[in-house]
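For reference, the structure discussed in these notes is given below.
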Amino acid sequence: PFLQYDTFHMQIMEGVLARLIEQLLPRIGHMQLADVPERHEPGSGEINFEFLLAHVDRIGYRGWIGCEYNPAGDTVRGLAWAKAYL
């Protein structure tokens with residue numbers, strides 16, 4: 001069985017996302033993105049998603065990455081962060 005790794009909740013509960021993802025990598029089957037503190041799109045809060053997403057690539061994560069956040073404003077403008085990853 002695999003875990004769903006929720007960046008929003010893990011940042012609030014534990015912090016140190018990069019290190020925990022490395023430790024849990026064999027068990028993670030899906031990552032879910034939302035920024036802290038307001039659960040908005042990546043880049044709207046305290047998580048450095050540019051670093052974090054490059055890190056999960058570097059360590060070999062091959063599972064799914066999805067989003068579960070509330071756009072801070074207009075939905076289309078709120079998706080601008082993802083352009084670099086498409």
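Labeling convention for the structure tokens: chains A, B, ... as they appear, residues from 1 per chain, ligands from 1 in order of appearance.
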
Give me, as a ChimeraX atom specification, all polymer residues having an atom no more than 12 Å from Arg39 of chain A, counting only C-alpha atoms and skipping those fewer than 4 positions away in the same chain. /A:6-9,11-12,32-35,43-47,67-72

Skip Ala82 of chain A itself and residues of its chain fewer than 4 positions away, then list as an mmCIF file with all heavy atoms, in the first residue's frame all residues within 9 Å of it, counting only C-alpha atoms.
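The file below, selection-v3.cif, is the result:
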```cif
data_model
loop_
_atom_site.group_PDB
_atom_site.id
_atom_site.type_symbol
_atom_site.label_atom_id
_atom_site.label_comp_id
_atom_site.auth_asym_id
_atom_site.auth_seq_id
_atom_site.Cartn_x
_atom_site.Cartn_y
_atom_site.Cartn_z
ATOM 1 N N PRO A 42 0.448 26.789 -5.291
ATOM 2 C CA PRO A 42 1.882 26.877 -5.041
ATOM 3 C C PRO A 42 2.409 28.265 -5.406
ATOM 4 O O PRO A 42 2.014 28.859 -6.411
ATOM 5 C CB PRO A 42 2.470 25.799 -5.958
ATOM 6 C CG PRO A 42 1.385 24.761 -6.011
ATOM 7 C CD PRO A 42 0.116 25.578 -6.074
ATOM 8 N N GLY A 78 -4.636 31.626 -11.353
ATOM 9 C CA GLY A 78 -4.091 30.805 -10.282
ATOM 10 C C GLY A 78 -3.352 29.573 -10.765
ATOM 11 O O GLY A 78 -2.639 28.938 -10.000
ATOM 12 N N LEU A 86 4.605 21.976 -17.230
ATOM 13 C CA LEU A 86 3.823 21.271 -18.259
ATOM 14 C C LEU A 86 4.645 20.971 -19.484
ATOM 15 O O LEU A 86 5.597 21.569 -19.791
ATOM 16 C CB LEU A 86 2.592 22.085 -18.640
ATOM 17 C CG LEU A 86 1.636 22.362 -17.467
ATOM 18 C CD1 LEU A 86 0.509 23.264 -17.937
ATOM 19 C CD2 LEU A 86 1.069 21.075 -16.909
#
```

Distance query segment 53-59 of chain A at most 8 Å, only C-alpha atoms, self and fewer than 4 positions along chain excluded, as a list in words: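 Once the nearby chain positions are removed, what remains is Ala18, Ile21, Glu22 and Phe49 of chain A.
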
What does the distance between atom CA of Ala84 of chain A and atom CA of Glu14 of chain A come to in Å, to one decimal place?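 Spanning atom CA of Ala84 of chain A to atom CA of Glu14 of chain A is a straight-line distance of 27.4 Å.
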
Go through A:Ile65, A:Ala80, A:Leu3, A:Met13 one by one, measure the shortest atom-to-atom distance of each to Glu41 of chain A using only C-alpha atoms, and give the residue with the smallest value.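 When distances to Glu41 of chain A are compared using only C-alpha atoms, the smallest one comes from A:Ala80.
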
Non-local contacts of Gly29 of chain A (7 Å; only C-alpha atoms; under 4 positions in same chain excluded) as a tab-separated table (two decimals) with N, CA, C and O atoms, in the first residue's frame:
```tsv
chain	number	residue	atom	x	y	z
A	2	PHE	N	0.35	2.26	-0.67
A	2	PHE	CA	1.07	3.53	-0.78
A	2	PHE	C	0.37	4.63	-0.01
A	2	PHE	O	-0.80	4.54	0.32
A	3	LEU	N	1.11	5.69	0.23
A	3	LEU	CA	0.61	6.86	0.94
A	3	LEU	C	0.29	7.98	-0.04
A	3	LEU	O	0.92	8.10	-1.08
A	4	GLN	N	-0.65	8.82	0.35
A	4	GLN	CA	-0.84	10.11	-0.32
A	4	GLN	C	-0.14	11.14	0.54
A	4	GLN	O	-0.46	11.29	1.72
A	63	GLY	N	5.64	8.88	-8.95
A	63	GLY	CA	4.19	8.81	-8.74
A	63	GLY	C	3.47	10.04	-9.28
A	63	GLY	O	4.06	10.91	-9.90
A	64	TRP	N	2.20	10.07	-9.02
A	64	TRP	CA	1.36	11.18	-9.46
A	64	TRP	C	1.53	12.38	-8.54
A	64	TRP	O	1.79	12.24	-7.35
```
